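Enquirer: Dropping a structure here in structure tokens format, bear with me for questions.
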Amino acid sequence: MEEIEGLLAAGEKALGDGDWVAARAAFGSAVGLEATAPGLAGLGNAQWWLGDVRAAFSSWERAYALFRRSESAEAVFMALGLSLLYDANFGDRAAAQGWAARAVRVAAEVGDPVVSAWASLARAGTADEAAHVAAWSEAAYGVAVEAGESDLELCALSMWGSALINLGQVIEGTALMDEALAGALGGEGVRPDTVVLTSCLLLRSCVRGADFLRVVQWTRSLDGFIERYGCPYLHSTCRASYGAVLVATGDWPRAEGELVAAVELARDALPAVQAEAAAFLADLRLNQGRVGEARRLLTGFEDRTVVRPVLAAAYLAAGEVAMAVSLVRRQLDDSTPLEEARLREVLGSAYLAAGDVAGAAAEAERLSALGTATDSGLIAARAARLCGCALLAQGKCHEAVARLTAAQTWFGLLEMPLEVARTRMMQAHAMASYDPAPAVAEARIALAVFEDLGASADADAAAAWLRACGATAARVGPRGLGLLTKRERDVLAVLAEGLPNPEIAARLYISRRTVEHHVASILSKLGLRNRTEAAAYLTRAHE
């Protein structure tokens with residue numbers, strides 16, 4: 001018993017330090033001696049942070065059964081976690097609601113108001129009616145304040161805020177979610193899981209509303225937490241949304257790792273969760289000019305709403321204008337405002353490609369009306385850009401530049417560098433007829449951004465346009481090791497020593513799953529087939 005207690009204590013310390021590998025080893029050894037509820041619960045926590053979701057769920061379910069026989073209050077917390085995670089990781093609403101109901105029933109047996117409040121959050125997290133979520137979360141918040149339970153208070157505030165946003169009370173809801181995450185990062189909560197919940201809820205709400213600037217600002221605030229514990233976006237849905245934000249804001253190397261991880265996490269999930277992860281990764285591939293890969297990622301998900309805007313853009317990028325138009329027209333009546341905005345911009349661009357300037361202008365007007373109705377910066381940016389392109393096609397170059405300048409300003413405020421550069425390139429087209437020197441300067445700036453991001457198709461088009469104008473436009477994108485991020489170069493250096501992934505993880509103080517993602521990214525960027533070739537590549541590079 002002393003040995004087991006020592007291992008459990010070591011595991012708890014490692015969890016507190018964010019050393020997930022050491023925590024898994026300690027709890028695993030303890031469970032190997034005797035499968036106790038605390039040992040299985042701790043092992044599940046470590047496995048979860050390391051990305052081994054299936055193993056984590058198995059450990060937690062076993063822990064729940066053991067806690068149910070001895071410590072019902074702890075069983076409630078196991079049921080709460082399982083409820084939230086079945087929904088967030090697998091999209092399994094039925095299982096999530098079942099575990100929530102179990103948490104509520106067992107909490108009633110315990111008779112502790114705080115335990116019951118936690119159980120009500122499980123019920124809120126799986127409720128379909130936003131009004132119910134708001135009411136239950138607000139009630140849990142009241143209990144938390146009365147009892148001085150900080151983690152419960154912060155989680156309840158965050159859920160309450162998310163519900164208010166869904167009810168249309170965006171300002172009030174966002175303020176509550178900001179407050180909750182601030183408190184979690186400020187150390188008010190005891191558990192890092194509180195940061196996970198509050199940051200994921202805020203992220204999802206911001207992505208739904210295209211409030212990318214808020215996500216960027218909070219992501220910077222999360223740097224210290226990420227350095228110590230790793231990325232808090234552990235659920236497949238949150239991870240995919242985080243990857244989408246990184247794509248939009250231009251951090252494509254990190255986006256690559258997050259989206260590959262999201263696709264992997266979603267592999268065992270229901271199709272809706274898989275489709276979202278695939279759509280976001282396909283969008284990155286499309287931005288990189290890898291149209292074929294983007295379309296392959298979407299295979300099997302073509303009927304999913306979240307996929308269709310990306311698929312329509314892929315058709316257009318491949319020159320299949322009729323397919324893009326057909327898909328958009330069928331989808332427009334079944335879209336959220338943000339999805340509709342992208343679809344209408346694709347449709348307007350398709351009309352322009354087909355020479356239908358009047359059709360493009362009509363779509364621009366509809367998109368402008370949508371932007372006014374929703375008060376969305378992203379929709380306003382797309383509307384202004386499409387208006388500018390339609391005006392340019394009509395030969396109204398000065399008016400086109402004015403609209404494109406407005407679009408560029410909006411995209412800049414949203415911190416979306418690719419869209420800023422694309423809009424800048426359109427400005428160059430519009431200015432070329434009456435002010436060629438500034439037009440070339442604008443195109444050069446756009447080309448530099450395309451090169452820096454790795455948007456190869458956009459860079460090729462910009463370089464070709466510059467050459468047609470008589471300007472030099474050599475492609476000077478990153479080559480060789482310059483393609484890799486600093487962390488990827490660190491991983492490559494250790495990999496070249498012949499170490500396996502677990503030892504690389506231990507050497508660099510990162511998870512094994514993170515190492516796997518970095519290795520996959522290294523091989524992809526350098527065009528290598530295996531680890532042996534990677535090691536040889538590094539040797540040659542240093543010769």
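Naming works like this for the structure tokens: A, B, ... for the chains as they're shown, residue 1 at the start of each chain, ligands 1 onward in shown order.
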Give me every alpha helix (DSSP H) residue in range 278-419 of chain A, going by DSSP on the backbone, as number ranges by chain.
Expert: A: 278-287, 291-297, 308-317, 321-331, 337-353, 357-374, 377-393, 397-413, 417-419
Enquirer: Export, as a tab-separated table (two decimals), in the first residue's frame, the selected residues with C-alpha atoms.
Expert:
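Listing of result04.tsv after writing:
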```tsv
chain	number	residue	atom	x	y	z
A	278	ALA	CA	-11.61	17.70	-42.41
A	279	ALA	CA	-13.13	20.97	-43.66
A	280	PHE	CA	-10.73	23.15	-41.71
A	281	LEU	CA	-7.68	21.14	-42.81
A	282	ALA	CA	-8.93	21.17	-46.41
A	283	ASP	CA	-9.23	24.96	-46.19
A	284	LEU	CA	-5.55	25.16	-45.21
A	285	ARG	CA	-4.61	22.90	-48.12
A	286	LEU	CA	-6.65	25.08	-50.46
A	287	ASN	CA	-4.86	28.21	-49.23
A	291	VAL	CA	-6.35	21.73	-54.37
A	292	GLY	CA	-6.26	17.99	-55.02
A	293	GLU	CA	-5.38	17.22	-51.42
A	294	ALA	CA	-8.15	19.53	-50.22
A	295	ARG	CA	-10.74	17.69	-52.28
A	296	ARG	CA	-9.53	14.29	-51.13
A	297	LEU	CA	-9.88	15.34	-47.50
A	308	ARG	CA	-19.73	22.88	-48.68
A	309	PRO	CA	-18.19	26.39	-48.63
A	310	VAL	CA	-14.70	24.85	-48.76
A	311	LEU	CA	-15.73	22.37	-51.46
A	312	ALA	CA	-17.26	25.15	-53.55
A	313	ALA	CA	-14.03	27.16	-53.26
A	314	ALA	CA	-12.07	24.06	-54.28
A	315	TYR	CA	-14.21	23.61	-57.38
A	316	LEU	CA	-13.62	27.24	-58.32
A	317	ALA	CA	-9.87	26.96	-57.72
A	321	VAL	CA	-17.03	26.95	-62.40
A	322	ALA	CA	-20.32	25.20	-63.17
A	323	MET	CA	-19.81	22.75	-60.28
A	324	ALA	CA	-19.05	25.62	-57.89
A	325	VAL	CA	-22.17	27.53	-58.97
A	326	SER	CA	-24.39	24.45	-58.72
A	327	LEU	CA	-23.15	23.58	-55.22
A	328	VAL	CA	-23.52	27.11	-53.90
A	329	ARG	CA	-27.05	27.55	-55.23
A	330	ARG	CA	-28.15	24.31	-53.57
A	331	GLN	CA	-26.58	25.28	-50.25
A	337	PRO	CA	-24.74	33.85	-42.08
A	338	LEU	CA	-20.96	33.29	-42.09
A	339	GLU	CA	-21.27	30.25	-44.35
A	340	GLU	CA	-23.66	32.15	-46.61
A	341	ALA	CA	-21.18	35.02	-46.88
A	342	ARG	CA	-18.40	32.78	-48.08
A	343	LEU	CA	-20.73	30.95	-50.44
A	344	ARG	CA	-21.96	34.19	-51.97
A	345	GLU	CA	-18.40	35.45	-52.46
A	346	VAL	CA	-17.51	32.19	-54.19
A	347	LEU	CA	-20.66	32.45	-56.31
A	348	GLY	CA	-19.86	36.05	-57.26
A	349	SER	CA	-16.30	35.07	-58.17
A	350	ALA	CA	-17.63	32.17	-60.25
A	351	TYR	CA	-19.93	34.56	-62.13
A	352	LEU	CA	-16.96	36.81	-62.85
A	353	ALA	CA	-14.95	33.84	-64.09
A	357	VAL	CA	-20.68	40.70	-64.40
A	358	ALA	CA	-24.33	41.47	-63.66
A	359	GLY	CA	-24.67	38.23	-61.68
A	360	ALA	CA	-21.56	39.08	-59.67
A	361	ALA	CA	-22.86	42.59	-58.94
A	362	ALA	CA	-26.18	41.15	-57.74
A	363	GLU	CA	-24.38	38.79	-55.37
A	364	ALA	CA	-22.30	41.69	-54.08
A	365	GLU	CA	-25.49	43.59	-53.24
A	366	ARG	CA	-26.97	40.57	-51.43
A	367	LEU	CA	-23.73	40.12	-49.51
A	368	SER	CA	-23.72	43.78	-48.51
A	369	ALA	CA	-27.28	43.46	-47.20
A	370	LEU	CA	-26.27	40.38	-45.21
A	371	GLY	CA	-23.37	42.28	-43.67
A	372	THR	CA	-25.67	45.11	-42.61
A	373	ALA	CA	-28.17	42.69	-41.08
A	374	THR	CA	-25.57	40.75	-39.07
A	377	GLY	CA	-16.84	42.51	-39.80
A	378	LEU	CA	-15.94	39.41	-41.79
A	379	ILE	CA	-19.14	39.55	-43.83
A	380	ALA	CA	-18.59	43.28	-44.42
A	381	ALA	CA	-15.06	42.53	-45.65
A	382	ARG	CA	-16.25	39.84	-48.07
A	383	ALA	CA	-19.03	42.12	-49.33
A	384	ALA	CA	-16.70	45.06	-49.96
A	385	ARG	CA	-14.22	42.83	-51.79
A	386	LEU	CA	-16.83	41.30	-54.06
A	387	CYS	CA	-18.26	44.76	-54.77
A	388	GLY	CA	-14.76	45.93	-55.71
A	389	CYS	CA	-14.22	43.01	-58.04
A	390	ALA	CA	-17.59	43.58	-59.72
A	391	LEU	CA	-16.81	47.28	-60.19
A	392	LEU	CA	-13.41	46.40	-61.65
A	393	ALA	CA	-15.06	44.06	-64.15
A	397	CYS	CA	-11.43	51.25	-61.47
A	398	HIS	CA	-11.43	54.19	-59.04
A	399	GLU	CA	-14.66	53.00	-57.40
A	400	ALA	CA	-13.26	49.47	-57.26
A	401	VAL	CA	-10.15	50.66	-55.42
A	402	ALA	CA	-12.32	52.45	-52.85
A	403	ARG	CA	-14.32	49.29	-52.09
A	404	LEU	CA	-11.23	47.09	-52.07
A	405	THR	CA	-9.49	49.49	-49.69
A	406	ALA	CA	-12.44	49.16	-47.31
A	407	ALA	CA	-12.25	45.37	-47.58
A	408	GLN	CA	-8.52	45.42	-46.90
A	409	THR	CA	-9.09	47.52	-43.79
A	410	TRP	CA	-11.69	45.08	-42.48
A	411	PHE	CA	-9.48	42.04	-43.12
A	412	GLY	CA	-6.59	43.83	-41.45
A	413	LEU	CA	-8.66	44.55	-38.34
A	417	PRO	CA	-3.07	38.31	-43.62
A	418	LEU	CA	-3.89	36.03	-46.56
A	419	GLU	CA	-7.16	37.84	-47.21
```
Enquirer: Would you mind listing what lies within 10 Å of range 226-232 of chain A as a tab-separated table (two decimals) with N, CA and C atoms, in the first residue's frame, with only C-alpha atoms counted and same-chain residues fewer than 4 positions away left out?
Expert:
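Now in result19.tsv:
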```tsv
chain	number	residue	atom	x	y	z
A	15	LEU	N	1.02	15.71	-12.43
A	15	LEU	CA	-0.14	16.36	-13.06
A	15	LEU	C	-0.12	17.86	-12.75
A	16	GLY	N	0.16	18.21	-11.51
A	16	GLY	CA	0.21	19.62	-11.12
A	16	GLY	C	1.31	20.38	-11.84
A	17	ASP	N	2.41	19.67	-12.15
A	17	ASP	CA	3.54	20.30	-12.86
A	17	ASP	C	3.35	20.31	-14.37
A	18	GLY	N	2.31	19.63	-14.85
A	18	GLY	CA	2.12	19.54	-16.30
A	18	GLY	C	3.05	18.54	-16.96
A	19	ASP	N	3.64	17.65	-16.20
A	19	ASP	CA	4.54	16.61	-16.74
A	19	ASP	C	3.69	15.37	-17.01
A	20	TRP	N	3.02	15.37	-18.14
A	20	TRP	CA	2.04	14.31	-18.42
A	20	TRP	C	2.68	12.95	-18.61
A	49	TRP	N	-4.38	14.41	-21.62
A	49	TRP	CA	-3.48	15.51	-21.98
A	49	TRP	C	-2.46	15.08	-23.03
A	50	LEU	N	-2.13	13.80	-23.07
A	50	LEU	CA	-1.18	13.30	-24.07
A	50	LEU	C	-1.86	12.94	-25.39
A	192	PRO	N	-6.00	22.80	-14.08
A	192	PRO	CA	-5.81	23.28	-15.46
A	192	PRO	C	-7.01	22.97	-16.36
A	193	ASP	N	-7.82	21.98	-15.95
A	193	ASP	CA	-9.01	21.65	-16.74
A	193	ASP	C	-9.95	22.85	-16.84
A	194	THR	N	-9.92	23.74	-15.84
A	194	THR	CA	-10.77	24.92	-15.89
A	194	THR	C	-10.36	25.83	-17.04
A	195	VAL	N	-9.06	25.94	-17.28
A	195	VAL	CA	-8.59	26.71	-18.43
A	195	VAL	C	-9.04	26.05	-19.73
A	196	VAL	N	-9.00	24.72	-19.75
A	196	VAL	CA	-9.43	23.98	-20.95
A	196	VAL	C	-10.89	24.31	-21.28
A	197	LEU	N	-11.76	24.20	-20.28
A	197	LEU	CA	-13.18	24.43	-20.53
A	197	LEU	C	-13.46	25.88	-20.92
A	198	THR	N	-12.93	26.83	-20.15
A	198	THR	CA	-13.23	28.24	-20.43
A	198	THR	C	-12.63	28.70	-21.75
A	199	SER	N	-11.43	28.23	-22.07
A	199	SER	CA	-10.81	28.65	-23.34
A	199	SER	C	-11.50	28.01	-24.54
A	200	CYS	N	-11.91	26.75	-24.40
A	200	CYS	CA	-12.58	26.08	-25.50
A	200	CYS	C	-13.96	26.69	-25.78
A	219	THR	N	-5.19	34.08	-27.27
A	219	THR	CA	-4.16	33.08	-27.54
A	219	THR	C	-2.80	33.57	-27.05
A	220	ARG	N	-2.55	34.85	-27.22
A	220	ARG	CA	-1.29	35.42	-26.72
A	220	ARG	C	-1.24	35.31	-25.20
A	221	SER	N	-2.38	35.52	-24.56
A	221	SER	CA	-2.43	35.41	-23.10
A	221	SER	C	-2.24	33.98	-22.63
A	222	LEU	N	-2.55	33.03	-23.52
A	222	LEU	CA	-2.42	31.61	-23.17
A	222	LEU	C	-1.00	31.09	-23.32
A	238	CYS	N	-12.67	21.68	-30.39
A	238	CYS	CA	-11.93	22.89	-30.04
A	238	CYS	C	-10.62	22.96	-30.81
A	239	ARG	N	-9.98	21.82	-30.95
A	239	ARG	CA	-8.70	21.82	-31.65
A	239	ARG	C	-8.87	22.21	-33.11
A	242	TYR	N	-9.48	25.93	-33.23
A	242	TYR	CA	-8.21	26.64	-32.99
A	242	TYR	C	-7.35	26.61	-34.24
A	258	GLU	N	-2.07	21.56	-35.40
A	258	GLU	CA	-3.35	21.49	-34.69
A	258	GLU	C	-4.42	20.79	-35.52
A	509	TYR	N	10.54	17.83	-23.60
A	509	TYR	CA	9.46	18.14	-22.66
A	509	TYR	C	8.15	18.45	-23.38
A	510	ILE	N	7.83	17.63	-24.36
A	510	ILE	CA	6.56	17.73	-25.07
A	510	ILE	C	5.93	16.34	-25.10
A	511	SER	N	4.67	16.25	-25.51
A	511	SER	CA	4.00	14.97	-25.53
A	511	SER	C	4.42	14.14	-26.74
A	514	THR	N	2.53	15.15	-29.79
A	514	THR	CA	3.08	16.36	-30.41
A	514	THR	C	4.29	16.03	-31.26
```
Enquirer: Hey, what's within 6 Å of range 450-459 of chain A if we count only C-alpha atoms and toss same-chain stuff fewer than 3 positions away? As number ranges by chain, please?
Expert: A: 287-289, 447, 462, 477
Enquirer: Would you kindly return, as a list of chain:residue names, each protein, DNA or RNA residue with an atom no farther than 12 Å from any atom of Val53 in chain A, considering only C-alpha atoms and excluding same-chain residues fewer than 6 positions away?
Expert: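 Counting only the stated atoms, we get A:Leu43, A:Gly44, A:Asn45, A:Ala46, A:Gln47, A:Ser59, A:Trp60, A:Leu82, A:Leu85, A:Tyr86, A:Ala88, A:Asn89, A:Phe90, A:Leu234, A:His235, A:Ser236, A:Ala261, A:Ala262, A:Glu264, A:Leu265, A:Ala266, A:Arg267, A:Asp268, A:Ala269, A:Arg513.
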Enquirer: Have a look at CA of Leu152 in chain A and CA of Ser58 in chain A and let me know their distance in Å, one decimal.
Expert: 25.2 Å
Enquirer: Counting only C-alpha atoms, which residue out of A:Lys13, A:Ala147, A:Arg68, A:Ser137 sits closest to Arg105 in chain A?
Expert: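 Once distances to Arg105 in chain A are computed over only C-alpha atoms, the minimum belongs to A:Arg68.
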Enquirer: Identify, on the basis of only C-alpha atoms, every residue whose closest approach to Ala101 in chain A does not exceed 10 Å; exclude the query and any residue fewer than 3 positions from it along the same chain; express the result as a PDB file with N, CA and C atoms, in the first residue's frame.
Expert:
```
ATOM      1  N   ALA A  79     -18.482  11.337 -13.995  1.00  0.00           N
ATOM      2  CA  ALA A  79     -19.617  11.382 -14.922  1.00  0.00           C
ATOM      3  C   ALA A  79     -19.693  12.732 -15.629  1.00  0.00           C
ATOM      4  N   LEU A  80     -19.414  13.812 -14.890  1.00  0.00           N
ATOM      5  CA  LEU A  80     -19.391  15.146 -15.483  1.00  0.00           C
ATOM      6  C   LEU A  80     -18.368  15.217 -16.615  1.00  0.00           C
ATOM      7  N   SER A  83     -19.382  13.172 -19.630  1.00  0.00           N
ATOM      8  CA  SER A  83     -20.476  13.808 -20.348  1.00  0.00           C
ATOM      9  C   SER A  83     -19.965  14.895 -21.285  1.00  0.00           C
ATOM     10  N   ALA A  95     -24.642   9.663 -25.597  1.00  0.00           N
ATOM     11  CA  ALA A  95     -23.785   9.251 -24.488  1.00  0.00           C
ATOM     12  C   ALA A  95     -23.551  10.413 -23.535  1.00  0.00           C
ATOM     13  N   ALA A  96     -23.357  11.602 -24.081  1.00  0.00           N
ATOM     14  CA  ALA A  96     -23.123  12.774 -23.243  1.00  0.00           C
ATOM     15  C   ALA A  96     -24.318  13.048 -22.337  1.00  0.00           C
ATOM     16  N   GLN A  97     -25.520  12.966 -22.898  1.00  0.00           N
ATOM     17  CA  GLN A  97     -26.721  13.212 -22.098  1.00  0.00           C
ATOM     18  C   GLN A  97     -26.944  12.109 -21.068  1.00  0.00           C
ATOM     19  N   GLY A  98     -26.569  10.890 -21.430  1.00  0.00           N
ATOM     20  CA  GLY A  98     -26.684   9.791 -20.477  1.00  0.00           C
ATOM     21  C   GLY A  98     -25.791   9.989 -19.275  1.00  0.00           C
ATOM     22  N   VAL A 104     -26.355  13.910 -12.386  1.00  0.00           N
ATOM     23  CA  VAL A 104     -27.422  14.575 -11.629  1.00  0.00           C
ATOM     24  C   VAL A 104     -28.028  13.625 -10.602  1.00  0.00           C
ATOM     25  N   ARG A 105     -28.274  12.374 -11.008  1.00  0.00           N
ATOM     26  CA  ARG A 105     -28.908  11.419 -10.100  1.00  0.00           C
ATOM     27  C   ARG A 105     -27.983  11.065  -8.927  1.00  0.00           C
ATOM     28  N   VAL A 106     -26.712  10.806  -9.220  1.00  0.00           N
ATOM     29  CA  VAL A 106     -25.780  10.442  -8.147  1.00  0.00           C
ATOM     30  C   VAL A 106     -25.554  11.646  -7.220  1.00  0.00           C
ATOM     31  N   ALA A 107     -25.499  12.855  -7.791  1.00  0.00           N
ATOM     32  CA  ALA A 107     -25.316  14.058  -6.972  1.00  0.00           C
ATOM     33  C   ALA A 107     -26.473  14.234  -5.995  1.00  0.00           C
ATOM     34  N   ALA A 119     -22.960  18.880 -11.178  1.00  0.00           N
ATOM     35  CA  ALA A 119     -23.800  18.000 -11.988  1.00  0.00           C
ATOM     36  C   ALA A 119     -24.720  18.799 -12.903  1.00  0.00           C
ATOM     37  N   SER A 120     -25.212  19.941 -12.408  1.00  0.00           N
ATOM     38  CA  SER A 120     -26.083  20.770 -13.246  1.00  0.00           C
ATOM     39  C   SER A 120     -25.321  21.339 -14.431  1.00  0.00           C
ATOM     40  N   ALA A 122     -23.038  19.628 -16.017  1.00  0.00           N
ATOM     41  CA  ALA A 122     -23.053  18.518 -16.976  1.00  0.00           C
ATOM     42  C   ALA A 122     -24.353  18.534 -17.765  1.00  0.00           C
ATOM     43  N   ARG A 123     -25.467  18.755 -17.055  1.00  0.00           N
ATOM     44  CA  ARG A 123     -26.769  18.818 -17.723  1.00  0.00           C
ATOM     45  C   ARG A 123     -26.824  20.016 -18.672  1.00  0.00           C
ATOM     46  N   THR A 126     -25.042  19.599 -22.090  1.00  0.00           N
ATOM     47  CA  THR A 126     -25.645  18.713 -23.096  1.00  0.00           C
ATOM     48  C   THR A 126     -27.062  19.127 -23.465  1.00  0.00           C
TER      49      THR A 126
END
```
Enquirer: CA of Glu497 in chain A and CA of Ala14 in chain A, how far apart in Å?
Expert: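 The value is 27.5 Å.
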Enquirer: What gap, in Å, lies between CA of Ala63 in chain A and CA of Phe77 in chain A?
Expert: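 Distance between the two atoms: 10.5 Å.
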Enquirer: Which is closer to Gly168 in chain A than all the others in A:Leu481, A:Ala131, A:Ile4, A:Ala23, using only C-alpha atoms?
Expert: A:Ala131
Enquirer: Could you check which of A:Gly498, A:Pro253, A:Gly51, A:Gly148 is closest to Lys486 in chain A, using only C-alpha atoms?
Expert: A:Pro253
Enquirer: Which residues, written as JSON, numbers by chain, have at least one atom at most 9 Å from Ser205 in chain A, with only C-alpha atoms counted and residues fewer than 5 positions away on the same chain left out?
Expert: {"A": [162, 165, 166, 174, 200, 210, 211]}
Enquirer: What would the file look like if the residues just selected were written as a short mmCIF file (atom, residue, chain, number, x, y, z; two decimals), in the first residue's frame with N, CA, C and O atoms?
Expert:
```cif
data_model
loop_
_atom_site.label_atom_id
_atom_site.label_comp_id
_atom_site.auth_asym_id
_atom_site.auth_seq_id
_atom_site.Cartn_x
_atom_site.Cartn_y
_atom_site.Cartn_z
N SER A 162 -21.62 31.58 -22.82
CA SER A 162 -21.83 30.91 -24.11
C SER A 162 -23.31 30.81 -24.44
O SER A 162 -23.74 31.03 -25.58
N ILE A 165 -24.71 34.19 -25.55
CA ILE A 165 -24.34 34.48 -26.94
C ILE A 165 -25.28 33.75 -27.89
O ILE A 165 -25.76 34.31 -28.88
N ASN A 166 -25.58 32.49 -27.58
CA ASN A 166 -26.50 31.72 -28.42
C ASN A 166 -27.91 32.29 -28.39
O ASN A 166 -28.69 32.08 -29.33
N THR A 174 -20.23 37.60 -24.10
CA THR A 174 -18.79 37.70 -24.32
C THR A 174 -18.08 38.23 -23.08
O THR A 174 -16.99 37.76 -22.72
N CYS A 200 -11.91 26.75 -24.40
CA CYS A 200 -12.58 26.08 -25.50
C CYS A 200 -13.96 26.69 -25.78
O CYS A 200 -14.34 26.89 -26.94
N ALA A 210 -16.94 34.74 -35.93
CA ALA A 210 -15.80 35.29 -36.67
C ALA A 210 -15.09 36.40 -35.88
O ALA A 210 -14.56 37.35 -36.46
N ASP A 211 -15.07 36.29 -34.57
CA ASP A 211 -14.38 37.27 -33.72
C ASP A 211 -12.94 36.80 -33.55
O ASP A 211 -12.48 36.49 -32.45
#
```
Enquirer: Can you build me a table of range 233-335 of chain A residues sitting at most 12 Å from range 420-433 of chain A, with the closest atom pair per residue and its distance in Å to one decimal, using only C-alpha atoms, sorted by chain and residue number, as a Markdown table?
Expert:
```
| residue | atom | partner | partner_atom | distance |
| --- | --- | --- | --- | --- |
| A:Ala248 | CA | A:Val420 | CA | 10.6 |
| A:Thr249 | CA | A:Val420 | CA | 10.4 |
| A:Gly250 | CA | A:Val420 | CA | 10.6 |
| A:Asn287 | CA | A:Arg422 | CA | 10.9 |
```
